[in-house]
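S.K.: The following file, data_8.txt, comprises compact mmCIF, C-alpha atoms:
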```txt
# COMPACT_ATOMS: atom_id res chain seq x y z
CA MET G 1 -47.00 -43.08 -11.83
CA ASN G 2 -48.43 -39.61 -11.25
CA LYS G 3 -48.94 -40.44 -7.56
CA ILE G 4 -45.26 -41.43 -7.23
CA ILE G 5 -44.13 -38.17 -8.85
CA LEU G 6 -46.44 -36.19 -6.58
CA LEU G 7 -45.07 -38.01 -3.52
CA PHE G 8 -41.45 -37.24 -4.44
CA PHE G 9 -42.35 -33.61 -5.14
CA SER G 10 -44.05 -33.26 -1.76
CA LEU G 11 -41.04 -34.76 0.03
CA PHE G 12 -38.75 -32.35 -1.82
CA LEU G 13 -40.81 -29.31 -0.81
CA PHE G 14 -40.90 -30.45 2.83
CA THR G 15 -37.13 -31.01 2.94
CA PHE G 16 -36.43 -27.66 1.26
CA SER G 17 -38.71 -25.74 3.61
CA GLN G 18 -37.06 -27.34 6.66
CA ALA G 19 -33.59 -26.50 5.40
CA SER G 20 -34.60 -22.94 4.60
CA SER G 21 -36.17 -22.50 8.02
CA SER G 22 -33.06 -23.85 9.75
CA GLU G 23 -30.72 -21.61 7.76
CA THR G 24 -32.87 -18.55 8.36
CA THR G 25 -32.95 -19.18 12.09
CA SER G 26 -29.27 -19.85 12.60
CA CYS G 27 -27.59 -17.72 9.93
CA ASN G 28 -29.65 -14.56 9.70
CA CYS G 29 -26.93 -12.24 11.02
CA GLU G 30 -24.24 -13.78 8.85
CA LEU G 31 -26.41 -13.41 5.77
CA ILE G 32 -27.03 -9.74 6.51
CA ASN G 33 -23.33 -9.08 7.08
CA PHE G 34 -22.47 -10.86 3.85
CA GLY G 35 -24.94 -8.61 2.07
CA TYR G 36 -23.29 -5.41 3.29
CA GLU G 37 -19.83 -6.70 2.39
CA TYR G 38 -21.08 -7.62 -1.06
CA PHE G 39 -22.54 -4.18 -1.72
CA ASP G 40 -19.40 -2.45 -0.39
CA GLU G 41 -17.33 -4.53 -2.81
CA ARG G 42 -19.69 -3.73 -5.68
CA ILE G 43 -19.49 0.00 -4.94
CA THR G 44 -15.69 -0.21 -5.04
CA GLU G 45 -15.80 -2.15 -8.33
CA ILE G 46 -18.15 0.41 -9.88
CA GLN G 47 -15.95 3.30 -8.75
CA ASN G 48 -12.86 1.60 -10.15
CA ASP G 49 -14.64 1.30 -13.51
CA ILE G 50 -15.49 5.01 -13.67
CA GLN G 51 -13.27 6.90 -16.09
CA ILE G 52 -13.19 10.68 -15.75
CA LYS G 53 -11.57 13.25 -17.97
CA ASP G 54 -7.84 13.79 -17.47
CA LEU G 55 -7.49 17.49 -16.73
CA THR G 56 -4.56 19.48 -18.03
CA ASN G 57 -2.49 21.38 -15.48
CA THR G 58 -4.24 24.60 -16.50
CA GLU G 59 -7.69 23.04 -16.22
CA LEU G 60 -6.84 21.60 -12.81
CA GLU G 61 -5.56 24.97 -11.59
CA GLN G 62 -8.77 26.63 -12.76
CA ILE G 63 -11.17 24.18 -11.11
CA THR G 64 -9.09 24.14 -7.92
CA LYS G 65 -9.18 27.94 -7.73
CA ARG G 66 -12.96 27.97 -8.24
CA LEU G 67 -13.57 25.32 -5.58
CA CYS G 68 -11.32 27.11 -3.10
CA ILE G 69 -13.19 30.37 -3.71
CA LYS G 70 -16.46 28.56 -2.96
CA VAL G 71 -15.02 27.34 0.34
CA ILE G 72 -13.87 30.85 1.29
CA GLU G 73 -17.16 32.45 0.21
CA ALA G 74 -19.04 29.90 2.29
CA GLY G 75 -17.79 31.66 5.41
CA ILE G 76 -19.94 34.63 4.38
CA THR G 77 -22.79 33.27 2.27
CA GLY G 78 -22.99 29.68 3.53
CA PHE G 79 -21.83 26.57 1.71
CA LYS G 80 -23.74 25.83 -1.49
CA SER G 81 -23.18 22.17 -2.27
CA GLU G 82 -25.02 22.26 -5.61
CA GLU G 83 -22.70 24.99 -6.91
CA PHE G 84 -19.65 23.10 -5.64
CA LYS G 85 -20.75 19.95 -7.49
CA ARG G 86 -21.73 21.92 -10.60
CA LEU G 87 -18.22 23.35 -10.92
CA ILE G 88 -16.73 19.85 -10.87
CA HIS G 89 -19.18 18.53 -13.44
CA GLU G 90 -18.54 21.49 -15.73
CA ALA G 91 -14.79 20.92 -15.54
CA LEU G 92 -15.24 17.24 -16.40
CA ASN G 93 -17.92 17.78 -19.07
CA THR G 94 -20.30 15.46 -17.22
CA PRO G 95 -23.42 14.73 -19.34
CA ASN G 96 -26.51 16.39 -17.88
CA ASP G 97 -28.71 13.35 -18.47
CA LEU G 98 -26.76 11.06 -16.13
CA LYS G 99 -28.54 9.68 -13.09
CA GLU G 100 -27.80 11.60 -9.90
CA SER G 101 -26.15 8.54 -8.34
CA ASN G 102 -23.76 8.26 -11.30
CA LYS G 103 -22.96 11.96 -11.09
CA ASN G 104 -22.12 11.50 -7.42
CA MET G 105 -19.74 8.66 -8.29
CA ILE G 106 -17.99 11.03 -10.70
CA ILE G 107 -17.61 13.57 -7.88
CA VAL G 108 -15.98 10.88 -5.73
CA ALA G 109 -13.70 9.80 -8.58
CA PHE G 110 -12.59 13.41 -9.12
CA LEU G 111 -11.92 14.12 -5.45
CA ASN G 112 -9.97 10.89 -5.03
CA LYS G 113 -7.98 11.21 -8.25
CA TYR G 114 -6.81 14.73 -7.46
CA LYS G 115 -6.67 14.50 -3.66
CA GLN G 116 -2.98 15.50 -3.69
CA LYS G 117 -3.47 18.45 -6.03
CA LEU G 118 -6.55 20.33 -4.83
CA ILE G 119 -4.46 22.95 -3.02
CA CYS G 120 -5.82 26.34 -2.01
CA PRO G 121 -3.25 29.17 -2.13
CA LYS G 122 -2.22 31.11 0.93
CA VAL G 123 -3.92 34.40 1.71
CA THR G 124 -1.77 37.29 0.53
CA GLY G 125 -0.67 39.54 3.36
CA LYS G 126 -1.20 37.00 6.15
CA THR G 127 2.14 35.88 7.53
CA ASP G 128 0.69 32.75 9.15
CA SER G 129 -1.14 31.65 5.99
CA ARG G 130 0.13 28.87 3.73
CA ASP G 131 -0.93 26.78 0.78
CA MET G 132 -3.05 23.82 1.90
CA LEU G 133 -5.26 21.03 0.59
CA ILE G 134 -8.90 22.03 0.21
CA TYR G 135 -10.13 19.65 2.94
CA LYS G 136 -7.81 21.42 5.40
CA LYS G 137 -8.93 24.83 4.13
CA ALA G 138 -12.55 23.90 4.82
CA ALA G 139 -11.65 22.85 8.36
CA LEU G 140 -9.68 26.07 8.93
CA GLU G 141 -12.54 28.23 7.66
CA GLY G 142 -15.09 26.29 9.70
CA ILE G 143 -16.96 25.12 6.59
CA VAL G 144 -18.26 21.91 8.14
CA ASP G 145 -21.13 21.81 5.63
CA LEU G 146 -18.69 20.66 2.93
CA TYR G 147 -18.15 17.58 5.07
CA ASP G 148 -21.78 17.14 6.13
CA GLU G 149 -23.27 17.53 2.65
CA ILE G 150 -20.62 15.81 0.51
CA LEU G 151 -17.45 14.42 2.05
CA LEU G 152 -19.04 12.54 4.96
CA ASP G 153 -22.29 11.64 3.19
CA ASN G 154 -21.17 8.06 2.68
CA GLU G 155 -24.53 6.99 1.26
CA ALA G 156 -24.48 9.47 -1.62
CA PHE G 157 -20.67 9.79 -1.96
CA PRO G 158 -19.17 6.49 -0.76
CA ASN G 159 -15.46 5.78 -0.29
CA ILE G 160 -14.03 9.29 -0.40
CA ASP G 161 -10.29 9.12 0.30
CA PHE G 162 -9.27 11.56 3.04
CA ASN G 163 -5.60 10.61 2.97
CA GLY G 164 -4.12 13.18 0.68
CA TYR G 165 -1.18 14.81 2.40
CA GLU G 166 1.44 17.54 2.24
CA ILE G 167 4.98 17.43 3.58
CA VAL G 168 5.18 19.85 6.52
CA ASP G 169 8.40 20.10 8.54
CA GLY G 170 9.57 16.89 6.88
CA ASN G 171 6.46 14.88 7.82
CA LYS G 172 3.30 13.82 6.01
CA GLU G 173 0.40 15.99 7.16
CA THR G 174 -3.15 14.79 6.41
CA VAL G 175 -6.41 16.55 7.17
CA VAL G 176 -6.59 14.54 10.42
CA ASP G 177 -3.15 15.86 11.43
CA TYR G 178 -4.19 19.38 10.54
CA ILE G 179 -7.37 19.21 12.59
CA ASP G 180 -5.28 17.91 15.50
CA TYR G 181 -3.19 21.07 15.07
CA LEU G 182 -6.27 23.30 14.96
CA ILE G 183 -7.69 21.72 18.11
CA LYS G 184 -4.47 22.59 19.96
CA THR G 185 -4.15 26.13 18.64
CA VAL G 186 -7.54 27.72 17.88
CA LEU G 187 -9.67 29.32 20.55
CA TYR G 188 -13.05 28.36 19.10
CA ASP G 189 -15.13 25.39 17.94
CA LYS G 190 -12.83 22.80 19.48
CA ASP G 191 -15.72 20.42 20.21
CA GLU G 192 -16.93 20.70 16.62
CA LEU G 193 -13.42 20.10 15.30
CA GLU G 194 -13.02 17.01 17.48
CA LEU G 195 -16.30 15.60 16.18
CA LEU G 196 -15.26 16.35 12.60
CA ARG G 197 -11.87 14.68 13.07
CA ASP G 198 -13.45 11.59 14.64
CA ASP G 199 -15.96 11.30 11.78
CA ILE G 200 -13.16 11.52 9.21
CA ILE G 201 -11.26 8.78 11.04
CA ASP G 202 -14.42 6.64 11.08
CA TYR G 203 -14.51 6.93 7.27
CA GLY G 204 -10.89 5.88 6.80
CA GLY G 205 -8.96 9.07 7.45
CA LYS G 206 -5.46 8.52 8.86
CA ARG G 207 -2.64 10.53 10.32
CA GLY G 208 0.53 10.92 8.29
CA VAL G 209 2.51 8.49 10.44
CA GLU G 210 0.00 5.77 9.53
CA LEU G 211 0.54 6.13 5.78
```
Now, as a test, write the supplied structure out as structure tokens.

M.R.:
Amino acid sequence: MNKIILLFFSLFLFTFSQASSSETTSCNCELINFGYEYFDERITEIQNDIQIKDLTNTELEQITKRLCIKVIEAGITGFKSEEFKRLIHEALNTPNDLKESNKNMIIVAFLNKYKQKLICPKVTGKTDSRDMLIYKKAALEGIVDLYDEILLDNEAFPNIDFNGYEIVDGNKETVVDYIDYLIKTVLYDKDELELLRDDIIDYGGKRGVEL
């Protein structure tokens, strides 16, 4: 009886190993692709589950002002990503003992939730200045480090939504539209702006006509 059981067990192992070998040979690429899709879906699910503090209008105005000041100061002192993130966590009362990856998800949730409201005020005394979303302000001021260190770091800050917009001359204007405008009008850093715009598009950024 033991010999019969051993024989069946051996046949099972042989059949299983052959099937596994065949699947590994013919389906390796599909399995890898499935894995990436799975993790992308899980990241989205996790982000959807994150609940952040609802800021009052006054609180939102205060944090927006502080973040905009950091963007403007960066033109002189350089962009300090840790200070930028710290301001957001302070506004949201993020617990200090959270894992860094969870803190980053909170940053993403904040930026996406308030993407229409993070508006930097125009510069007093400049006739060509206007209120604009903070992503546009960073592009105008040449603060590419905000993008390199946070907004386009898709590994640490996945799924940032770049499609906040303002109505300008009756049309939706996104950060992609605004960079298009800068490329046509500014006399400097056009190559850098084109690279920045293309990276934003690669991560889901759209023009207003596409929304």

S.K.: Neighbouring residues of segment 99-110 of chain G were defined as those with any atom within 8 Å, considering only C-alpha atoms; residues of the same chain fewer than 5 positions away were excluded. Please report them as a VMD selection string.

M.R.: chain G and resid 47 50 52 85 88 to 89 94 156 to 160

S.K.: Please measure the separation of atom CA of Asp148 of chain G and atom CA of Thr185 of chain G, giving the value in Å to one decimal.

M.R.: 23.4 Å

S.K.: Which residue, G:Ile134, G:Ala74, G:Leu152, G:Glu61, has the smallest gap to Lys122 of chain G when you use all atoms listed in the file?

M.R.: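 Selected residue with least distance to Lys122 of chain G: G:Ile134.
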
S.K.: Between atom CA of Lys206 of chain G and atom CA of Ile150 of chain G, what is the spacing in Å?

M.R.: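 Here the two named atoms are 18.8 Å from each other.
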
S.K.: Hey, can you check how far atom CA of Val123 of chain G sits from atom CA of Lys137 of chain G?

M.R.: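 Atom CA of Lys137 of chain G lies at a distance of 11.1 Å from atom CA of Val123 of chain G.
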
S.K.: Neighbours of Gly204 of chain G within 10 Å (only C-alpha atoms; same-chain residues fewer than 4 positions away dropped), as a ChimeraX atom specification?

M.R.: /G:159-163,199-200

S.K.: Using the selection just defined, write its residues with C-alpha atoms as a PDB file, in the frame of the given file.

M.R.:
```pdb
ATOM      1  CA  ASN G 159     -15.460   5.780  -0.290  1.00  0.00           C
ATOM      2  CA  ILE G 160     -14.030   9.290  -0.400  1.00  0.00           C
ATOM      3  CA  ASP G 161     -10.290   9.120   0.300  1.00  0.00           C
ATOM      4  CA  PHE G 162      -9.270  11.560   3.040  1.00  0.00           C
ATOM      5  CA  ASN G 163      -5.600  10.610   2.970  1.00  0.00           C
ATOM      6  CA  ASP G 199     -15.960  11.300  11.780  1.00  0.00           C
ATOM      7  CA  ILE G 200     -13.160  11.520   9.210  1.00  0.00           C
TER       8      ILE G 200
END
```

S.K.: So which residues touch Gln116 of chain G within 12 Å, counting only C-alpha atoms, skipping near sequence neighbours fewer than 3 positions away, as a list in words?

M.R.: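 Selected residues are Leu60, Thr64, Phe110, Leu111, Asn112, Lys113, Ile119, Cys120, Met132, Leu133, Ile134, Tyr135, Lys136, Asp161, Phe162, Asn163, Gly164, Tyr165, Glu166, Ile167, Lys172, Glu173, Thr174 and Val175 of chain G.
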
S.K.: Of the candidates G:Asn171, G:Ile72, G:Glu83, G:Leu211, which one gets nearest to Leu140 of chain G if we count all atoms listed in the file?

M.R.: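 Going through G:Asn171, G:Ile72, G:Glu83, G:Leu211 one by one, the smallest distance to Leu140 of chain G is for G:Ile72.
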
S.K.: Which one is closest to Glu59 of chain G: G:Lys126, G:Leu182, G:Leu92, G:Glu155? Count only C-alpha atoms.

M.R.: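 When distances to Glu59 of chain G are compared using only C-alpha atoms, the smallest one comes from G:Leu92.
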
S.K.: Set the distance at 9 Å and use only C-alpha atoms: which residues neighbour Gly142 of chain G once local chain neighbours fewer than 3 positions away are removed? I'd like the list as a PyMOL selection string.

M.R.: chain G and resi 75+137-139+145+189+193

S.K.: Store the residues of this selection in a file with C-alpha atoms, as an mmCIF file, keeping the file's coordinate frame.

M.R.:
```cif
data_model
loop_
_atom_site.group_PDB
_atom_site.id
_atom_site.type_symbol
_atom_site.label_atom_id
_atom_site.label_comp_id
_atom_site.auth_asym_id
_atom_site.auth_seq_id
_atom_site.Cartn_x
_atom_site.Cartn_y
_atom_site.Cartn_z
ATOM 1 C CA GLY G 75 -17.790 31.660 5.410
ATOM 2 C CA LYS G 137 -8.930 24.830 4.130
ATOM 3 C CA ALA G 138 -12.550 23.900 4.820
ATOM 4 C CA ALA G 139 -11.650 22.850 8.360
ATOM 5 C CA ASP G 145 -21.130 21.810 5.630
ATOM 6 C CA ASP G 189 -15.130 25.390 17.940
ATOM 7 C CA LEU G 193 -13.420 20.100 15.300
#
```
